[in-house]
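Data file: data-v2.tsv. Format and content: TSV, C-alpha atoms and all ligand atoms.
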```tsv
chain	number	residue	atom	x	y	z
A	73	ALA	CA	49.70	-73.90	-40.43
A	74	ASN	CA	47.28	-71.77	-42.41
A	75	MET	CA	46.42	-73.77	-45.49
A	76	TRP	CA	45.42	-71.83	-48.61
A	77	SER	CA	41.97	-73.15	-49.47
A	78	GLY	CA	41.58	-71.93	-53.06
A	79	LEU	CA	40.11	-68.73	-54.47
A	80	LEU	CA	36.43	-69.39	-53.93
A	81	GLU	CA	36.90	-70.03	-50.20
A	82	GLU	CA	39.48	-67.28	-49.69
A	83	TYR	CA	37.40	-64.58	-51.42
A	84	ARG	CA	33.98	-66.10	-50.91
A	85	ASN	CA	32.39	-62.86	-49.64
A	86	ARG	CA	33.32	-61.12	-52.92
A	87	LEU	CA	32.33	-63.88	-55.34
A	88	PRO	CA	28.96	-65.20	-56.53
A	89	VAL	CA	29.33	-68.46	-54.59
A	90	GLU	CA	26.20	-70.03	-53.07
A	91	VAL	CA	26.29	-72.22	-49.98
A	92	SER	CA	24.91	-75.07	-52.10
A	93	ASP	CA	27.60	-74.77	-54.82
A	94	PRO	CA	29.89	-77.83	-55.08
A	95	ILE	CA	33.26	-76.09	-55.14
A	96	VAL	CA	35.57	-77.28	-57.90
A	97	THR	CA	39.14	-76.27	-57.05
A	98	LEU	CA	42.77	-77.24	-57.62
A	99	TYR	CA	43.82	-74.70	-54.94
A	100	GLU	CA	44.66	-72.00	-57.50
A	101	GLY	CA	45.69	-68.44	-56.64
A	102	ASN	CA	48.05	-67.08	-53.97
A	103	THR	CA	50.71	-66.61	-56.66
A	104	PRO	CA	54.06	-64.87	-56.08
A	105	LEU	CA	54.33	-61.08	-56.32
A	106	VAL	CA	58.05	-60.52	-56.90
A	107	ARG	CA	59.75	-57.12	-56.68
A	108	SER	CA	62.50	-56.59	-59.22
A	109	PRO	CA	65.26	-54.02	-58.53
A	110	ARG	CA	66.83	-54.76	-61.90
A	111	LEU	CA	63.64	-53.91	-63.80
A	112	GLU	CA	63.47	-50.71	-61.72
A	113	THR	CA	66.99	-49.84	-62.90
A	114	ARG	CA	66.07	-50.60	-66.51
A	115	VAL	CA	63.01	-48.35	-66.30
A	116	ALA	CA	65.04	-45.53	-64.71
A	117	GLU	CA	67.67	-45.82	-67.47
A	118	ALA	CA	65.11	-45.99	-70.27
A	119	SER	CA	63.34	-42.95	-68.84
A	120	ALA	CA	66.62	-41.03	-68.53
A	121	GLY	CA	67.26	-41.80	-72.20
A	122	ALA	CA	64.00	-39.96	-72.94
A	123	GLY	CA	65.08	-37.07	-70.74
A	124	VAL	CA	62.50	-37.97	-68.10
A	125	ASP	CA	62.91	-38.82	-64.41
A	126	GLY	CA	61.74	-42.41	-64.02
A	127	SER	CA	63.62	-43.10	-60.80
A	128	GLY	CA	62.29	-44.44	-57.53
A	129	THR	CA	59.73	-46.80	-59.05
A	130	GLU	CA	58.66	-50.02	-57.37
A	131	ILE	CA	58.18	-52.73	-59.99
A	132	TYR	CA	56.64	-56.09	-59.25
A	133	VAL	CA	55.77	-59.09	-61.37
A	134	LYS	CA	52.72	-61.20	-60.49
A	135	PHE	CA	53.69	-64.71	-61.58
A	136	GLU	CA	50.51	-66.42	-62.69
A	137	GLY	CA	52.54	-69.27	-64.15
A	138	ALA	CA	52.60	-70.61	-60.57
A	139	ASN	CA	48.93	-71.61	-60.78
A	140	PRO	CA	48.10	-75.36	-60.92
A	141	THR	CA	47.97	-75.54	-64.73
A	142	GLY	CA	50.55	-72.81	-65.20
A	143	SER	CA	48.40	-69.82	-66.14
A	144	PHE	CA	45.91	-67.26	-64.80
A	145	LYS	CA	43.09	-69.17	-66.48
A	146	ASP	CA	42.73	-71.34	-63.36
A	147	ARG	CA	41.27	-68.36	-61.46
A	148	GLY	CA	38.39	-68.14	-63.89
A	149	MET	CA	38.03	-71.87	-64.28
A	150	THR	CA	37.45	-72.68	-60.59
A	151	MET	CA	34.50	-70.23	-60.59
A	152	ALA	CA	33.07	-71.20	-64.00
A	153	MET	CA	33.43	-74.94	-63.44
A	154	THR	CA	31.80	-74.69	-59.99
A	155	LYS	CA	28.74	-73.10	-61.62
A	156	VAL	CA	28.67	-75.70	-64.42
A	157	LYS	CA	28.75	-78.44	-61.80
A	158	ALA	CA	26.04	-76.70	-59.76
A	159	ALA	CA	23.83	-76.60	-62.86
A	160	GLY	CA	24.40	-80.31	-63.45
A	161	THR	CA	25.74	-79.91	-66.99
A	162	GLN	CA	27.81	-82.92	-68.01
A	163	MET	CA	30.20	-81.33	-70.49
A	164	VAL	CA	32.10	-78.09	-71.14
A	165	ALA	CA	33.71	-76.67	-74.26
A	166	CYS	CA	36.14	-73.88	-75.03
A	167	ALA	CA	38.03	-72.32	-77.89
A	168	SER	CA	41.64	-71.70	-77.00
A	169	THR	CA	45.12	-70.60	-77.97
A	170	GLY	CA	46.24	-73.23	-75.42
A	171	ASN	CA	46.02	-72.07	-71.82
A	172	THR	CA	42.24	-71.99	-71.52
A	173	SER	CA	42.09	-75.53	-72.90
A	174	ALA	CA	44.76	-76.77	-70.46
A	175	SER	CA	42.89	-75.23	-67.55
A	176	ALA	CA	39.41	-76.33	-68.70
A	177	ALA	CA	40.67	-79.89	-69.19
A	178	ALA	CA	42.18	-80.03	-65.69
A	179	TYR	CA	39.16	-78.51	-63.92
A	180	ALA	CA	36.82	-80.80	-65.88
A	181	VAL	CA	38.76	-83.68	-64.34
A	182	ALA	CA	38.30	-82.12	-60.89
A	183	ALA	CA	34.57	-81.74	-61.63
A	184	ALA	CA	34.32	-85.23	-63.15
A	185	ILE	CA	32.70	-83.99	-66.36
A	186	GLY	CA	33.62	-84.07	-70.06
A	187	CYS	CA	35.63	-81.42	-71.87
A	188	ALA	CA	35.91	-80.52	-75.57
A	189	VAL	CA	38.56	-78.08	-76.77
A	190	ILE	CA	38.52	-76.34	-80.13
A	191	LEU	CA	41.98	-75.16	-81.20
A	192	PRO	CA	43.58	-73.37	-84.16
A	193	ALA	CA	45.51	-76.13	-85.97
A	194	GLY	CA	49.29	-75.90	-85.61
A	195	LYS	CA	49.24	-72.78	-83.44
A	196	ILE	CA	49.25	-74.23	-79.93
A	197	ALA	CA	52.45	-74.51	-77.88
A	198	LEU	CA	53.30	-78.17	-77.30
A	199	GLY	CA	53.20	-78.02	-73.50
A	200	LYS	CA	49.63	-76.71	-73.55
A	201	LEU	CA	48.55	-79.35	-76.03
A	202	ALA	CA	50.14	-82.04	-73.83
A	203	GLN	CA	48.16	-80.77	-70.83
A	204	ALA	CA	44.82	-81.02	-72.64
A	205	VAL	CA	45.72	-84.51	-73.89
A	206	MET	CA	46.89	-85.76	-70.48
A	207	HIS	CA	43.77	-84.43	-68.74
A	208	GLY	CA	41.66	-86.43	-71.16
A	209	ALA	CA	39.95	-83.66	-73.12
A	210	GLN	CA	38.53	-84.26	-76.59
A	211	LEU	CA	40.58	-82.14	-78.98
A	212	VAL	CA	39.47	-80.68	-82.31
A	213	ALA	CA	41.90	-78.69	-84.47
A	214	VAL	CA	40.35	-76.10	-86.79
A	215	ASP	CA	41.87	-74.98	-90.06
A	216	GLY	CA	41.46	-71.37	-88.99
A	217	ASN	CA	42.43	-68.99	-86.20
A	218	PHE	CA	41.25	-68.51	-82.59
A	219	ASP	CA	38.42	-66.22	-83.68
A	220	ASP	CA	37.03	-69.01	-85.90
A	221	CYS	CA	37.33	-71.44	-82.99
A	222	LEU	CA	35.41	-69.13	-80.66
A	223	ARG	CA	32.62	-68.65	-83.20
A	224	ILE	CA	32.24	-72.42	-83.58
A	225	THR	CA	32.32	-72.93	-79.80
A	226	ARG	CA	29.61	-70.32	-79.25
A	227	GLU	CA	27.38	-72.00	-81.83
A	228	LEU	CA	28.09	-75.46	-80.42
A	229	THR	CA	27.25	-74.47	-76.85
A	230	GLU	CA	24.07	-72.67	-77.95
A	231	GLN	CA	22.75	-75.74	-79.74
A	232	TYR	CA	23.94	-78.63	-77.54
A	233	PRO	CA	23.84	-79.33	-73.77
A	234	VAL	CA	27.45	-78.22	-73.41
A	235	ALA	CA	28.54	-75.29	-71.21
A	236	LEU	CA	30.84	-72.62	-72.60
A	237	VAL	CA	33.86	-71.84	-70.40
A	238	ASN	CA	35.54	-69.13	-72.45
A	239	SER	CA	35.73	-65.72	-70.78
A	240	ILE	CA	32.42	-64.66	-72.32
A	241	ASN	CA	31.06	-66.91	-69.57
A	242	PRO	CA	30.68	-64.12	-66.96
A	243	TYR	CA	31.82	-66.36	-64.10
A	244	ARG	CA	35.29	-66.52	-65.67
A	245	LEU	CA	35.94	-62.81	-65.10
A	246	GLN	CA	34.50	-63.03	-61.59
A	247	GLY	CA	37.17	-65.60	-60.72
A	248	GLN	CA	39.93	-63.75	-62.52
A	249	LYS	CA	39.26	-60.48	-60.66
A	250	THR	CA	40.79	-62.11	-57.55
A	251	ALA	CA	44.31	-61.49	-58.92
A	252	ALA	CA	43.71	-57.77	-58.32
A	253	PHE	CA	42.56	-58.58	-54.76
A	254	GLU	CA	45.76	-60.52	-54.05
A	255	ILE	CA	47.90	-57.63	-55.30
A	256	CYS	CA	46.07	-55.08	-53.12
A	257	ASP	CA	46.23	-57.45	-50.14
A	258	ALA	CA	49.99	-57.81	-50.60
A	259	LEU	CA	50.79	-54.13	-51.22
A	260	GLY	CA	48.29	-52.64	-48.75
A	261	ASP	CA	46.75	-50.55	-51.54
A	262	ALA	CA	46.27	-50.63	-55.31
A	263	PRO	CA	49.37	-49.98	-57.46
A	264	ASP	CA	49.60	-46.79	-59.56
A	265	ILE	CA	49.92	-48.66	-62.84
A	266	HIS	CA	48.98	-52.21	-63.83
A	267	VAL	CA	50.50	-53.64	-67.02
A	268	LEU	CA	49.29	-56.85	-68.71
A	269	PRO	CA	49.04	-58.54	-72.11
A	270	VAL	CA	45.74	-58.27	-73.99
A	271	GLY	CA	44.43	-61.01	-76.28
A	272	ASN	CA	40.75	-61.84	-76.03
A	273	ALA	CA	40.63	-58.95	-73.50
A	274	GLY	CA	39.01	-60.81	-70.62
A	275	ASN	CA	41.84	-60.47	-68.15
A	276	ILE	CA	42.26	-56.70	-68.34
A	277	SER	CA	38.49	-56.44	-67.82
A	278	ALA	CA	38.65	-58.77	-64.82
A	279	TYR	CA	41.51	-56.88	-63.14
A	280	TRP	CA	39.67	-53.60	-63.62
A	281	MET	CA	36.59	-55.14	-62.03
A	282	GLY	CA	38.65	-56.39	-59.08
A	283	TYR	CA	40.43	-53.10	-58.48
A	284	ASN	CA	37.13	-51.24	-58.61
A	285	GLU	CA	35.48	-53.61	-56.19
A	286	TYR	CA	38.22	-53.16	-53.59
A	287	PHE	CA	37.85	-49.40	-54.13
A	288	GLY	CA	34.10	-49.67	-53.44
A	289	ARG	CA	32.89	-49.06	-57.00
A	290	LYS	CA	30.86	-51.27	-59.32
A	291	VAL	CA	32.00	-51.99	-62.83
A	292	THR	CA	29.50	-53.34	-65.32
A	293	SER	CA	29.17	-57.10	-65.23
A	294	SER	CA	26.16	-59.22	-66.00
A	295	ILE	CA	26.55	-60.69	-62.52
A	296	GLU	CA	25.55	-58.75	-59.43
A	297	ASP	CA	28.64	-57.67	-57.47
A	298	SER	CA	28.07	-59.37	-54.17
A	299	ALA	CA	30.44	-57.24	-52.12
A	300	LEU	CA	29.52	-53.61	-52.59
A	301	HIS	CA	28.26	-53.35	-49.03
A	302	LEU	CA	31.79	-54.12	-47.81
A	303	LYS	CA	33.98	-51.22	-46.82
A	304	PRO	CA	36.55	-50.08	-49.43
A	305	LEU	CA	40.02	-51.52	-48.91
A	306	THR	CA	42.01	-49.27	-51.25
A	307	THR	CA	42.44	-45.50	-51.67
A	308	LYS	CA	43.06	-45.38	-55.43
A	309	LEU	CA	42.63	-47.12	-58.78
A	310	PRO	CA	45.55	-48.02	-61.05
A	311	ARG	CA	45.94	-46.88	-64.60
A	312	MET	CA	45.50	-49.97	-66.80
A	313	TRP	CA	48.18	-50.42	-69.47
A	314	GLY	CA	47.27	-53.20	-71.94
A	315	ILE	CA	49.91	-54.59	-74.28
A	316	GLN	CA	49.23	-56.37	-77.58
A	317	ALA	CA	51.56	-57.92	-80.15
A	318	GLU	CA	52.03	-55.69	-83.20
A	319	GLY	CA	50.64	-58.30	-85.63
A	320	ALA	CA	47.57	-58.93	-83.46
A	321	ALA	CA	46.67	-55.46	-82.16
A	322	PRO	CA	42.99	-54.76	-82.85
A	323	PHE	CA	42.76	-52.22	-79.99
A	324	VAL	CA	45.67	-50.27	-81.43
A	325	VAL	CA	44.30	-50.14	-84.98
A	326	GLY	CA	40.79	-49.59	-83.63
A	327	HIS	CA	38.99	-52.48	-85.31
A	328	PRO	CA	39.15	-56.31	-85.53
A	329	VAL	CA	42.13	-57.76	-87.43
A	330	ASP	CA	41.46	-60.53	-89.99
A	331	ASN	CA	44.74	-62.45	-89.95
A	332	PRO	CA	46.42	-61.96	-86.58
A	333	GLU	CA	50.06	-63.10	-86.47
A	334	THR	CA	52.58	-63.18	-83.62
A	335	ILE	CA	55.21	-65.46	-82.10
A	336	ALA	CA	53.21	-65.10	-78.86
A	337	THR	CA	50.56	-67.63	-79.92
A	338	ALA	CA	48.58	-67.16	-76.68
A	339	ILE	CA	47.56	-63.66	-77.82
A	340	ARG	CA	47.23	-64.39	-81.54
A	341	ILE	CA	43.66	-63.00	-81.58
A	342	GLY	CA	42.07	-60.54	-84.02
A	343	ASN	CA	38.55	-60.09	-82.69
A	344	PRO	CA	38.57	-59.83	-78.86
A	345	ALA	CA	35.32	-60.94	-77.21
A	346	SER	CA	35.56	-58.51	-74.25
A	347	TRP	CA	36.18	-55.44	-76.43
A	348	ALA	CA	33.76	-53.10	-74.66
A	349	TYR	CA	34.85	-53.99	-71.09
A	350	ALA	CA	38.53	-53.64	-72.03
A	351	ALA	CA	38.03	-50.30	-73.76
A	352	ALA	CA	36.19	-49.10	-70.63
A	353	ALA	CA	39.05	-50.29	-68.42
A	354	ARG	CA	41.52	-48.40	-70.60
A	355	ASP	CA	39.48	-45.19	-70.74
A	356	ASP	CA	38.02	-45.05	-67.21
A	357	SER	CA	41.44	-45.71	-65.69
A	358	GLY	CA	43.21	-43.06	-67.75
A	359	GLY	CA	45.25	-45.89	-69.21
A	360	LEU	CA	46.24	-47.07	-72.65
A	361	ILE	CA	46.52	-50.11	-74.93
A	362	THR	CA	49.64	-50.23	-77.09
A	363	ALA	CA	51.57	-52.80	-79.12
A	364	VAL	CA	55.11	-54.21	-79.09
A	365	SER	CA	57.06	-56.18	-81.71
A	366	ASP	CA	57.69	-59.92	-81.51
A	367	GLN	CA	61.38	-59.12	-81.10
A	368	ALA	CA	60.69	-56.87	-78.11
A	369	ILE	CA	58.54	-59.65	-76.61
A	370	MET	CA	61.31	-62.23	-76.91
A	371	GLU	CA	63.90	-59.80	-75.52
A	372	ALA	CA	61.66	-59.10	-72.54
A	373	GLN	CA	61.17	-62.84	-71.95
A	374	ALA	CA	64.96	-63.24	-71.80
A	375	ILE	CA	65.35	-60.23	-69.46
A	376	ILE	CA	62.68	-61.53	-67.05
A	377	ALA	CA	64.30	-64.98	-67.02
A	378	ALA	CA	67.87	-63.70	-66.57
A	379	GLU	CA	67.23	-60.73	-64.26
A	380	VAL	CA	64.12	-61.58	-62.24
A	381	GLY	CA	64.43	-65.37	-62.11
A	382	VAL	CA	61.01	-66.10	-63.56
A	383	PHE	CA	60.52	-68.04	-66.79
A	384	CYS	CA	57.28	-66.84	-68.37
A	385	GLU	CA	55.83	-67.56	-71.78
A	386	PRO	CA	56.18	-65.07	-74.67
A	387	ALA	CA	52.67	-63.58	-74.38
A	388	SER	CA	53.30	-62.85	-70.70
A	389	ALA	CA	56.53	-61.02	-71.48
A	390	ALA	CA	54.55	-58.54	-73.59
A	391	SER	CA	53.71	-56.78	-70.31
A	392	VAL	CA	57.34	-56.06	-69.45
A	393	ALA	CA	58.18	-55.32	-73.10
A	394	GLY	CA	55.41	-52.73	-73.07
A	395	LEU	CA	56.57	-51.21	-69.78
A	396	LEU	CA	60.15	-50.84	-71.08
A	397	ALA	CA	58.91	-49.31	-74.35
A	398	LEU	CA	56.72	-46.85	-72.47
A	399	ALA	CA	59.64	-45.96	-70.19
A	400	SER	CA	61.75	-45.27	-73.31
A	401	ALA	CA	58.93	-43.00	-74.49
A	402	GLY	CA	59.12	-41.10	-71.19
A	403	GLN	CA	55.72	-42.26	-69.97
A	404	VAL	CA	56.64	-43.83	-66.62
A	405	PRO	CA	56.31	-41.36	-63.73
A	406	ALA	CA	59.03	-41.25	-61.07
A	407	GLY	CA	58.15	-43.13	-57.90
A	408	ALA	CA	55.28	-45.07	-59.45
A	409	ARG	CA	54.32	-48.43	-58.01
A	410	ILE	CA	53.85	-50.76	-60.98
A	411	VAL	CA	52.67	-54.37	-61.29
A	412	CYS	CA	53.19	-56.45	-64.45
A	413	THR	CA	51.20	-59.67	-64.76
A	414	LEU	CA	53.19	-62.61	-66.10
A	415	THR	CA	50.18	-64.58	-67.27
A	416	GLY	CA	51.69	-68.00	-68.04
A	417	ASN	CA	54.62	-70.35	-67.43
A	418	GLY	CA	57.59	-70.50	-69.81
A	419	LEU	CA	57.68	-74.30	-69.51
A	420	LYS	CA	54.57	-74.45	-71.68
A	421	ASP	CA	56.51	-73.32	-74.72
A	422	THR	CA	60.19	-74.14	-74.41
A	423	ALA	CA	60.56	-74.57	-78.18
A	424	THR	CA	59.98	-70.88	-78.94
A	425	ALA	CA	62.33	-69.73	-76.18
A	426	MET	CA	65.12	-72.09	-77.32
A	427	GLU	CA	64.64	-71.29	-81.01
A	428	VAL	CA	65.32	-67.62	-80.38
A	429	ARG	CA	68.49	-68.55	-78.49
A	430	GLY	CA	70.00	-70.32	-81.52
A	431	ASP	CA	72.43	-73.16	-80.69
A	432	VAL	CA	72.27	-73.84	-76.97
A	433	THR	CA	73.73	-77.37	-77.01
A	434	PRO	CA	76.09	-77.62	-74.03
A	435	PRO	CA	79.66	-78.82	-74.63
A	436	VAL	CA	79.96	-82.59	-74.15
A	437	ILE	CA	82.92	-83.52	-71.95
A	438	ALA	CA	84.73	-86.61	-70.67
A	439	PRO	CA	83.33	-87.93	-67.34
A	440	GLU	CA	86.09	-86.25	-65.28
A	441	LEU	CA	86.13	-83.29	-62.87
A	442	SER	CA	89.06	-81.79	-64.75
A	443	ALA	CA	87.06	-81.71	-67.99
A	444	ALA	CA	84.14	-79.97	-66.22
A	445	VAL	CA	86.51	-77.43	-64.66
A	446	GLN	CA	88.09	-76.73	-68.02
A	447	ALA	CA	84.73	-76.39	-69.79
A	448	LEU	CA	83.51	-73.97	-67.09
A	449	GLY	CA	86.66	-71.89	-67.36
A	450	LEU	CA	87.33	-72.11	-63.61
A	501	LIG	N1	48.64	-64.38	-71.65
A	501	LIG	C1	48.45	-65.69	-71.81
A	501	LIG	C2	49.55	-66.61	-71.41
A	501	LIG	C3	47.24	-66.17	-72.36
A	501	LIG	O1	47.08	-67.48	-72.53
A	501	LIG	C4	46.24	-65.25	-72.75
A	501	LIG	C5	44.99	-65.71	-73.34
A	501	LIG	C6	46.49	-63.89	-72.53
A	501	LIG	C7	47.69	-63.49	-71.98
A	501	LIG	C8	45.49	-62.84	-72.88
A	501	LIG	O2	44.45	-62.81	-71.98
A	501	LIG	O3	42.61	-63.19	-73.58
A	501	LIG	O4	42.15	-62.39	-71.27
A	501	LIG	O5	43.21	-60.88	-72.95
A	501	LIG	N2	44.77	-66.92	-73.69
A	501	LIG	C9	43.48	-67.43	-74.15
A	501	LIG	C10	43.54	-68.94	-74.27
A	501	LIG	C11	42.95	-66.75	-75.34
A	501	LIG	O6	42.80	-69.52	-75.08
A	501	LIG	O7	44.31	-69.57	-73.54
A	501	LIG	P1	43.01	-62.28	-72.46
```
Please render this file's structure as structure tokens.
Amino acid sequence: ANMWSGLLEEYRNRLPVEVSDPIVTLYEGNTPLVRSPRLETRVAEASAGAGVDGSGTEIYVKFEGANPTGSFKDRGMTMAMTKVKAAGTQMVACASTGNTSASAAAYAVAAAIGCAVILPAGKIALGKLAQAVMHGAQLVAVDGNFDDCLRITRELTEQYPVALVNSINPYRLQGQKTAAFEICDALGDAPDIHVLPVGNAGNISAYWMGYNEYFGRKVTSSIEDSALHLKPLTTKLPRMWGIQAEGAAPFVVGHPVDNPETIATAIRIGNPASWAYAAAARDDSGGLITAVSDQAIMEAQAIIAAEVGVFCEPASAASVAGLLALASAGQVPAGARIVCTLTGNGLKDTATAMEVRGDVTPPVIAPELSAAVQALGL
């Protein structure tokens, strides 16, 4: 059998990995790319409602919730943590809305080093908090938002021998760009449109970097692209469509937002660190960054669960919510090949999903087949 050996081994020739680097991996990556005929039908119908032909699309979801800690953060963390270990630093720190901290905590275990996580108090989904606790991280809750946490973490890591593993650590984006590689490898070329949620704006920047590298072009990064001598593997670049939550949409309003608010706590961010890279991804790709309501996010989460068979977290569903909204606005071209990233696993935040459902308590029956049959209406 061909064992998957983790991102750094699989894409070694395109990553800044040295022979002497002690590779820290939980065998992340290789996540499912699932085509969805029912989303294709929804997009065609929404387009028709706008008087536009949106038929013949191919729509895929890239389920990053299948990574070891349940989000795309693991791609960046294997690369960043490998470099921390190579440098001999004994501790890492991150600010997080939950997923980065879960991933950092797990990879710190794999690297056998310490991990501090700085979180906005009361705004982390319980599953993510449980992950950081179980992996033995030191948790600090700040009476403030993610942007406050990131500021504190930057200051902390500048003044103490602690390595920063937020996405402003350039190795994070290097690891995360591999998701674009996997998509191109699976489809045989780049898609026409790539849709994903935007919070701190690292991931959209990383995908754009990855797509460009497979196309044979360099995108600005503080790290030398190691693979530009390799022959291009794709014939085109996708348009990048970034989706924010309406209450936390700095790219849409055009400036940082002071008090970001959204049910999708993962993207409750007002002052994105990778602003310039993300704006370049949007503009150079002929793409866009738009916003959707919390209600549209929760509806999309339910649609993806009930019609694709993937349970993603609210922030992830923003991608599909945005695609459906843009289809309703007549923006999806007929025949386009489209990939939506589902960034994290729905199991991380079951409370929010269930809350929106209202009363979901199943009927309690007598321990008899007949009672089950009756309750099921068979
Ligand atoms: N989706 C999920 C599930 C996330 O956790 C995040 C970011 C994003 C999307 C947005 O990605 O920040 O690269 O634009 N979560 C970070 C965290 C902020 O701390 O876990 P981005």
Looking at only C-alpha atoms, which of A:Gln373, A:Thr229, A:Ser346, A:Gln446 is the one that sits closest to Thr161 (chain A)?
-> A:Thr229
Mind dumping a table of every chain A residue within 6 Å of ligand LIG 501 (chain A), with the nearest atom pair and its distance in Å to one decimal, using only C-alpha atoms and all ligand atoms, sorted by chain and rising number, as a Markdown table?
```
| residue | atom | partner | partner_atom | distance |
| --- | --- | --- | --- | --- |
| A:Ser168 | CA | A:LIG501 | O6 | 3.1 |
| A:Thr169 | CA | A:LIG501 | O6 | 3.9 |
| A:Gly170 | CA | A:LIG501 | O7 | 4.5 |
| A:Asn171 | CA | A:LIG501 | O7 | 3.5 |
| A:Thr172 | CA | A:LIG501 | O7 | 3.8 |
| A:Pro269 | CA | A:LIG501 | C7 | 5.1 |
| A:Val270 | CA | A:LIG501 | O5 | 3.8 |
| A:Gly271 | CA | A:LIG501 | O5 | 3.5 |
| A:Asn272 | CA | A:LIG501 | O3 | 3.4 |
| A:Ala273 | CA | A:LIG501 | O5 | 3.3 |
| A:Gly274 | CA | A:LIG501 | O4 | 3.6 |
| A:Asn275 | CA | A:LIG501 | O4 | 3.7 |
| A:Ala338 | CA | A:LIG501 | O1 | 4.4 |
| A:Ile339 | CA | A:LIG501 | C6 | 5.4 |
| A:Ala387 | CA | A:LIG501 | N1 | 4.9 |
| A:Ser388 | CA | A:LIG501 | N1 | 5.0 |
| A:Thr415 | CA | A:LIG501 | N1 | 4.6 |
| A:Gly416 | CA | A:LIG501 | C2 | 4.2 |
```
Those same residues - C-alpha atoms - I'd like them written as a compact mmCIF listing (two decimals), keeping the file's coordinate frame.
```txt
# COMPACT_ATOMS: atom_id res chain seq x y z
CA SER A 168 41.64 -71.70 -77.00
CA THR A 169 45.12 -70.60 -77.97
CA GLY A 170 46.24 -73.23 -75.42
CA ASN A 171 46.02 -72.07 -71.82
CA THR A 172 42.24 -71.99 -71.52
CA PRO A 269 49.04 -58.54 -72.11
CA VAL A 270 45.74 -58.27 -73.99
CA GLY A 271 44.43 -61.01 -76.28
CA ASN A 272 40.75 -61.84 -76.03
CA ALA A 273 40.63 -58.95 -73.50
CA GLY A 274 39.01 -60.81 -70.62
CA ASN A 275 41.84 -60.47 -68.15
CA ALA A 338 48.58 -67.16 -76.68
CA ILE A 339 47.56 -63.66 -77.82
CA ALA A 387 52.67 -63.58 -74.38
CA SER A 388 53.30 -62.85 -70.70
CA THR A 415 50.18 -64.58 -67.27
CA GLY A 416 51.69 -68.00 -68.04
```
Around all listed atoms of region 247-263 of chain A, padded 6 Å per side, what centre and edge lengths does the axis-aligned box have in Å to one decimal, as JSON?
```
{"center_x": 44.0, "center_y": -57.8, "center_z": -55.6, "size_x": 25.6, "size_y": 27.6, "size_z": 25.8}
```
Residues of region 228-317 of chain A at most 12 Å from region 138-155 of chain A: nearest atom pair and distance in Å, all atoms listed in the file, as JSON lines:
```
{"residue": "A:Ala235", "atom": "CA", "partner": "A:Met153", "partner_atom": "CA", "distance": 9.2}
{"residue": "A:Leu236", "atom": "CA", "partner": "A:Ala152", "partner_atom": "CA", "distance": 9.0}
{"residue": "A:Val237", "atom": "CA", "partner": "A:Ala152", "partner_atom": "CA", "distance": 6.5}
{"residue": "A:Asn238", "atom": "CA", "partner": "A:Met149", "partner_atom": "CA", "distance": 9.0}
{"residue": "A:Ser239", "atom": "CA", "partner": "A:Gly148", "partner_atom": "CA", "distance": 7.8}
{"residue": "A:Ile240", "atom": "CA", "partner": "A:Ala152", "partner_atom": "CA", "distance": 10.6}
{"residue": "A:Asn241", "atom": "CA", "partner": "A:Ala152", "partner_atom": "CA", "distance": 7.3}
{"residue": "A:Pro242", "atom": "CA", "partner": "A:Ala152", "partner_atom": "CA", "distance": 8.0}
{"residue": "A:Tyr243", "atom": "CA", "partner": "A:Ala152", "partner_atom": "CA", "distance": 5.0}
{"residue": "A:Arg244", "atom": "CA", "partner": "A:Gly148", "partner_atom": "CA", "distance": 3.9}
{"residue": "A:Leu245", "atom": "CA", "partner": "A:Gly148", "partner_atom": "CA", "distance": 6.0}
{"residue": "A:Gln246", "atom": "CA", "partner": "A:Gly148", "partner_atom": "CA", "distance": 6.8}
{"residue": "A:Gly247", "atom": "CA", "partner": "A:Gly148", "partner_atom": "CA", "distance": 4.2}
{"residue": "A:Gln248", "atom": "CA", "partner": "A:Gly148", "partner_atom": "CA", "distance": 4.8}
{"residue": "A:Lys249", "atom": "CA", "partner": "A:Arg147", "partner_atom": "CA", "distance": 8.2}
{"residue": "A:Thr250", "atom": "CA", "partner": "A:Arg147", "partner_atom": "CA", "distance": 7.4}
{"residue": "A:Ala251", "atom": "CA", "partner": "A:Arg147", "partner_atom": "CA", "distance": 7.9}
{"residue": "A:Ala252", "atom": "CA", "partner": "A:Arg147", "partner_atom": "CA", "distance": 11.3}
{"residue": "A:Phe253", "atom": "CA", "partner": "A:Arg147", "partner_atom": "CA", "distance": 11.9}
{"residue": "A:Glu254", "atom": "CA", "partner": "A:Arg147", "partner_atom": "CA", "distance": 11.7}
{"residue": "A:Leu268", "atom": "CA", "partner": "A:Phe144", "partner_atom": "CA", "distance": 11.6}
{"residue": "A:Pro269", "atom": "CA", "partner": "A:Phe144", "partner_atom": "CA", "distance": 11.8}
{"residue": "A:Gly274", "atom": "CA", "partner": "A:Gly148", "partner_atom": "CA", "distance": 10.0}
{"residue": "A:Asn275", "atom": "CA", "partner": "A:Phe144", "partner_atom": "CA", "distance": 8.6}
{"residue": "A:Ile276", "atom": "CA", "partner": "A:Phe144", "partner_atom": "CA", "distance": 11.7}
{"residue": "A:Ala278", "atom": "CA", "partner": "A:Gly148", "partner_atom": "CA", "distance": 9.4}
{"residue": "A:Tyr279", "atom": "CA", "partner": "A:Phe144", "partner_atom": "CA", "distance": 11.4}
```
What does the distance from CA of Ala425 (chain A) to CA of Phe218 (chain A) come to in Å, to one decimal?
-> 22.1 Å
Kindly give the distance, in Å, that separates CA of Ile376 (chain A) and CA of Pro344 (chain A), rounded to a single decimal.
->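 Answer for the CA of Ile376 (chain A) to CA of Pro344 (chain A) separation: 26.9 Å.
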